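Visitor: Quick one: this structure, given as structure tokens, is what I'll be asking you about.
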Amino acid sequence: MSAIRMNPPEFRVVRDEEKCIKCLVCVRQCGFEAQQYDPEEDRVYSLDENCVACQRCVCLCPTRALRIERNPVPYKLNAHWTPEHIHNINKQAATGGVLLTGMGNDKPYPAYFDRLLLNASQVTNPSIDPLREPMELRTYLGSRPDYLGGEKDRYFGPTPLVPIETPIMFTAISYGAISHQAFEALARAAKAYGTLFNTGEGGLPEDLYEYADHAIVQVASGRFGVHSEYLNAARVIEIKIGQGAKPGIGGHLPGEKITASIAATRMIPEGTDALSPAPHHDIYSIEDLRQLILTLKEATRYTKPVSVKIAAVHNVAAIASGIARAGADIIAIDGFRGGTGAAPLMIRDHVGIPIELAIAAVDQRLREEGIRNRVSLVAAGGFRSSADVVKAIALGADAVYIGTAALVALGCHLCQKCYTGKCSWGIATQDPYKTRRLNPEIGAERLYNLLHGWSHEIKEMLGGMGINSIESLRGNRLHLRGVGLTEAELKLLGVKHAGEGM
Amino acid sequence: MKRLNAQGLSYRELNEKIRALLDSGEKEIVIENVNGQRYIGTGVKAQARLVVHGVPGNNLGALMDGLHIEVYGNAQDGVGNTMNEGTIVVHGHATDITGYSMRGGKIFIRGHVGYRVGIHMKAFREKNPVIVVGGKAGDFFGEYMAGGTLVLLGLDIKPGEQIVGNYIATGMHGGEIFIRGKLDDDILIGKEAKVLEPEEKDYHRLEALIKEFAEYFDLDADKILAVPFIKLIPYNKRPYGNLYAY
Ligand code: SF4
Ligand code: SF4
């Protein structure tokens, strides 16, 4: 009794036979073998149970003959035993395995971004028009001295500040989790726009070292591809402690995805599992973290700022304070909506806290302790629009990482099947037939456009508030108001309720 | 040859001095009175010899690429952490995570080592990292090992002492571990590894490594080799291949 038969298909493919010209584009393009052709009967047909609703066929069908629908599941209505629970139990009863998924938490937890509203100037202070007046989005990442001229007493540096032209960077996505084409598109766009991309923990492919000056290179528990040239080529080094989609656990890139090129980049043999242990085994404490930060600074002779990336968890403020004191120049915090190529479903959907609360708590704590100047804060995890970015900065972030939004710009339709390696859009796959669908140059252009659009919107929002520099927005929570939030939530976010004045 | 006196220097001052000498092309540096200074040789890419007298601090030779470091004294945690190439010889003991994630080069420790030695060692292309430990090792020896060669000799073990702690080779998915003598039945071995008898070609390689080891420490290689070894290798390159429900 196989699991597939126990679970009705989630989607169904609807083909308008009148429009279909049997060009077979859908058959060739579907990464999941949901579209089939029978040459004997000259018939195009669909295997609904294979369809993941990635929309590749729908978007590419030249005659618009296709539509994907949710397959209505005629179970007795039950608010507690949803079809998802039933289907998951069936999968596990069949395999005994851990449920795996891709992308970020999709459950209906509150999105605080949607409960925060921005301010605008009216009468008493003039708003600014970014089309005609200068508006500064450039952001400097890194550690500032405690007082003017204090650089020389810096125990952990000084390390240089890194300018980015917009407070938006591309988050850590490793080569291996995504295709070389997708990875290259991110690198190119970061360079073109004057921001940074992040290699993730899989190293930097040799042919992309020309983008290293715009790279944040990661050092994770598996230490894949970490060597002194990699560290010295980068702009920023990031120690990955955790990620929002799977706080507290390690990861495996399965051997079948380790192609020759990925193996070379990770500096491991082809075909072996690339295992990232849950902790770094040289970091069991803040003191140990300090030691790795200093190791990396010594290895690069204090020429690179070091970032430490953690998942947003319950004690995030205290942890961040420890990280700042351990000599990090940047702290990146990844909220529970953060995406991933593969995560156990239970972890993705049930561990961590919202980035909005985490950023507010960390910024507040570091200010109270008088050490906010020592680090830049980067917020990550589910940023969907420029408004989310502006709200995060007003809550205390210096900049944000986007991941899912960037992949959507490259064609991702959030089917959450990245872990299968079959991505029809050529993003989360290493199959050359699929990866060549993604042209890195066109991809980079789309990413550039996204950064451009969001940046302009940020300028508009700033101008509306009467602010002409992103610096003046950082941690400026007076520009935020909550709607429909409880006292506790307002207090944690440090914002007043909508309707309250200054 | 240049001499440096490490007395009273912070690690940063000491390492800057070492770097400056290496930058100027110095090929041999003798550092005296080392007393816990960390990160010696860390991240250095050079072909030169560092002789350390005293006790270097953690992460000696981390991320190092090519140096030959010889320590007359004990070393602490993280010797050769993520190192790429080179040699580290310690005429004493070393503590935890010696050779963490090392990808190439060799480490020879005359005495005992602490926990998690050789954790996540890898091999890459022509690189095959090697650690030879003269004495005994703590728990999790060769944990997550993904490549390379670990050799444990158990010299100078007192009666009643075990050559190695528990959970050897837990999560091992590459590489090989050689242990001189036998393992007591009550020592726990990771379920990912199996114990074999070394083949003749293994002994050839061991012979070369042990000769090199014996030379550094003025020992008799033949005497060390007179005791048979056991060999641990992983069952599988993909230990967690069947963990998931799709
Ligand atoms: S892509 Fe559209 S027109 Fe072509 S075979 Fe599929 S459904 Fe028919
Ligand atoms: S990257 Fe590909 S597989 Fe992953 S969610 Fe997007 S479209 Fe689906």
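The chains in the structure tokens are called A, B, ... from first to last as shown; in each chain the residues are counted from 1, and the ligands are counted from 1 in the order shown.
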Identify all chain B residues at most 10 Å from chain A by counting only C-alpha atoms; ligands do not count. Present them as a PyMOL selection string.
Guide: chain B and resi 11-12+15-16+19+38-45+58-65+77-78+81-84+96-97+100-103+116+119-125+127+144-147+171+173-174+236-246
Visitor: Write as number ranges by chain the residues around ligand 2, taking 8 Å as the cut-off and counting only C-alpha atoms and all ligand atoms.
Guide: A: 54, 102-103, 178, 341, 407-408, 411-429
Visitor: Enumerate residues in contact with ligand 1: an atom-to-atom distance of at most 12 Å, counting only C-alpha atoms and all ligand atoms. Format the result as a VMD selection string.
Guide: chain A and resid 13 to 30 34 to 38 42 to 46 55 to 68
Visitor: Got a sec: who's within 7 Å of B:Gly92, counting only C-alpha atoms, leaving out chain neighbours fewer than 6 positions off, as a list in words?
Guide: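 Once the nearby chain positions are removed, what remains is Gly73, Asn74, Ile109, Arg110 and Gly111 of chain B.
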Visitor: From the DSSP assignment of the backbone, select every residue of stretch 147-214 of chain B that is helix (DSSP H, G or I), and format the answer as a short mmCIF file (atom, residue, chain, number, x, y, z; two decimals) with N, CA and C atoms, in the first residue's frame.
Guide:
data_model
loop_
_atom_site.label_atom_id
_atom_site.label_comp_id
_atom_site.auth_asym_id
_atom_site.auth_seq_id
_atom_site.Cartn_x
_atom_site.Cartn_y
_atom_site.Cartn_z
N GLU B 200 47.38 -5.49 3.31
CA GLU B 200 48.82 -5.27 3.19
C GLU B 200 49.13 -3.85 2.73
N LYS B 201 48.34 -3.38 1.76
CA LYS B 201 48.62 -2.02 1.26
C LYS B 201 48.37 -0.96 2.34
N ASP B 202 47.45 -1.24 3.26
CA ASP B 202 47.25 -0.34 4.39
C ASP B 202 48.53 -0.28 5.23
N TYR B 203 49.09 -1.47 5.47
CA TYR B 203 50.31 -1.51 6.29
C TYR B 203 51.47 -0.77 5.62
N HIS B 204 51.49 -0.80 4.28
CA HIS B 204 52.55 -0.04 3.59
C HIS B 204 52.42 1.45 3.88
N ARG B 205 51.19 1.91 3.81
CA ARG B 205 50.98 3.34 4.06
C ARG B 205 51.25 3.66 5.52
N LEU B 206 50.80 2.78 6.40
CA LEU B 206 51.05 3.00 7.83
C LEU B 206 52.54 3.07 8.12
N GLU B 207 53.27 2.20 7.47
CA GLU B 207 54.71 2.14 7.70
C GLU B 207 55.35 3.50 7.39
N ALA B 208 54.95 4.05 6.25
CA ALA B 208 55.52 5.34 5.86
C ALA B 208 55.16 6.42 6.89
N LEU B 209 53.90 6.42 7.33
CA LEU B 209 53.47 7.45 8.29
C LEU B 209 54.17 7.28 9.63
N ILE B 210 54.31 6.05 10.05
CA ILE B 210 54.90 5.81 11.37
C ILE B 210 56.40 6.07 11.35
N LYS B 211 57.02 5.81 10.23
CA LYS B 211 58.45 6.17 10.11
C LYS B 211 58.61 7.68 10.27
N GLU B 212 57.73 8.41 9.59
CA GLU B 212 57.82 9.87 9.69
C GLU B 212 57.60 10.31 11.14
N PHE B 213 56.58 9.73 11.77
CA PHE B 213 56.27 10.02 13.17
C PHE B 213 57.48 9.71 14.07
N ALA B 214 58.04 8.51 13.88
CA ALA B 214 59.15 8.07 14.73
C ALA B 214 60.37 8.97 14.56
#
Visitor: Looking only at strand (DSSP E or B) from DSSP on the backbone, list the matching residues of stretch 31-264 of chain A as a PyMOL selection string.
Guide: chain A and resi 35-38+43-46+66-70+98-101+116-118+136+139-141+162-164+168-170+172+175+178+197-198+215-219+236-240+251-253
Visitor: What's the 12 Å shell around A:Leu451, counting only C-alpha atoms, without same-chain residues fewer than 5 positions away, as a PDB file with C-alpha atoms, in the first residue's frame?
Guide:
ATOM      1  CA  LEU A 137      20.038  54.890   1.028  1.00  0.00           C
ATOM      2  CA  ILE A 164      26.008  49.044   0.348  1.00  0.00           C
ATOM      3  CA  GLU A 165      23.995  51.279  -1.959  1.00  0.00           C
ATOM      4  CA  THR A 166      20.650  50.066  -0.675  1.00  0.00           C
ATOM      5  CA  PRO A 167      19.882  48.412   2.653  1.00  0.00           C
ATOM      6  CA  ILE A 168      18.931  45.184   0.878  1.00  0.00           C
ATOM      7  CA  MET A 169      21.288  42.246   0.385  1.00  0.00           C
ATOM      8  CA  PHE A 170      20.822  38.745  -0.935  1.00  0.00           C
ATOM      9  CA  LEU A 186      22.553  36.809  -7.504  1.00  0.00           C
ATOM     10  CA  ALA A 189      22.973  41.632  -9.537  1.00  0.00           C
ATOM     11  CA  ALA A 190      24.714  42.368  -6.238  1.00  0.00           C
ATOM     12  CA  LYS A 191      27.735  43.702  -8.068  1.00  0.00           C
ATOM     13  CA  ALA A 192      25.685  45.719 -10.534  1.00  0.00           C
ATOM     14  CA  TYR A 193      23.615  47.354  -7.807  1.00  0.00           C
ATOM     15  CA  GLY A 194      26.434  47.865  -5.334  1.00  0.00           C
ATOM     16  CA  THR A 195      25.158  45.540  -2.672  1.00  0.00           C
ATOM     17  CA  LEU A 196      26.243  42.122  -1.401  1.00  0.00           C
ATOM     18  CA  SER A 385       8.102  44.059  -0.123  1.00  0.00           C
ATOM     19  CA  SER A 386       9.881  47.344   0.388  1.00  0.00           C
ATOM     20  CA  VAL A 389      12.100  46.512   4.714  1.00  0.00           C
ATOM     21  CA  VAL A 400      17.894  43.270   5.454  1.00  0.00           C
ATOM     22  CA  TYR A 401      18.607  40.071   3.639  1.00  0.00           C
ATOM     23  CA  ILE A 402      16.137  38.876   1.032  1.00  0.00           C
ATOM     24  CA  ALA A 405      11.829  37.380  -2.801  1.00  0.00           C
ATOM     25  CA  ALA A 406      15.000  37.130  -4.887  1.00  0.00           C
ATOM     26  CA  ALA A 409      12.265  37.304  -9.105  1.00  0.00           C
ATOM     27  CA  ALA A 444      20.537  39.361 -12.805  1.00  0.00           C
ATOM     28  CA  GLU A 445      18.552  41.988 -14.663  1.00  0.00           C
ATOM     29  CA  ARG A 446      15.333  40.937 -12.962  1.00  0.00           C
ATOM     30  CA  HIS A 456      12.763  53.723  -5.053  1.00  0.00           C
ATOM     31  CA  GLU A 457       9.742  52.816  -2.978  1.00  0.00           C
ATOM     32  CA  ILE A 458      11.842  53.106   0.170  1.00  0.00           C
TER      33      ILE A 458
END
Visitor: Env of stretch 119-130 of chain A: 7 Å cut, atoms = only C-alpha atoms, seq-sep filter 6 positions within chain, self excluded. Answer as a ChimeraX atom specification.
Guide: /A:459-460,463-466,479-480
Visitor: How many Å separate atom CA of A:Glu136 from atom CA of A:Ser455?
Guide: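 Interatomic distance, atom CA of A:Glu136 to atom CA of A:Ser455: 10.3 Å.
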Visitor: Calculate how many Å separate atom CA of A:His350 from atom CA of A:Val73, rounding to one decimal.
Guide: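 Computing the Euclidean distance for atom CA of A:His350 and atom CA of A:Val73 yields 25.0 Å.
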Visitor: Using only C-alpha atoms for the distances, tell me which of B:Leu155, B:Ile177, B:Ile31, B:Ala221 is nearest to B:Ile131.
Guide: B:Ile177
Visitor: In Å, with one decimal, what is the gap from atom CA of B:Lys194 to atom CA of B:Gly105?
Guide: 25.5 Å
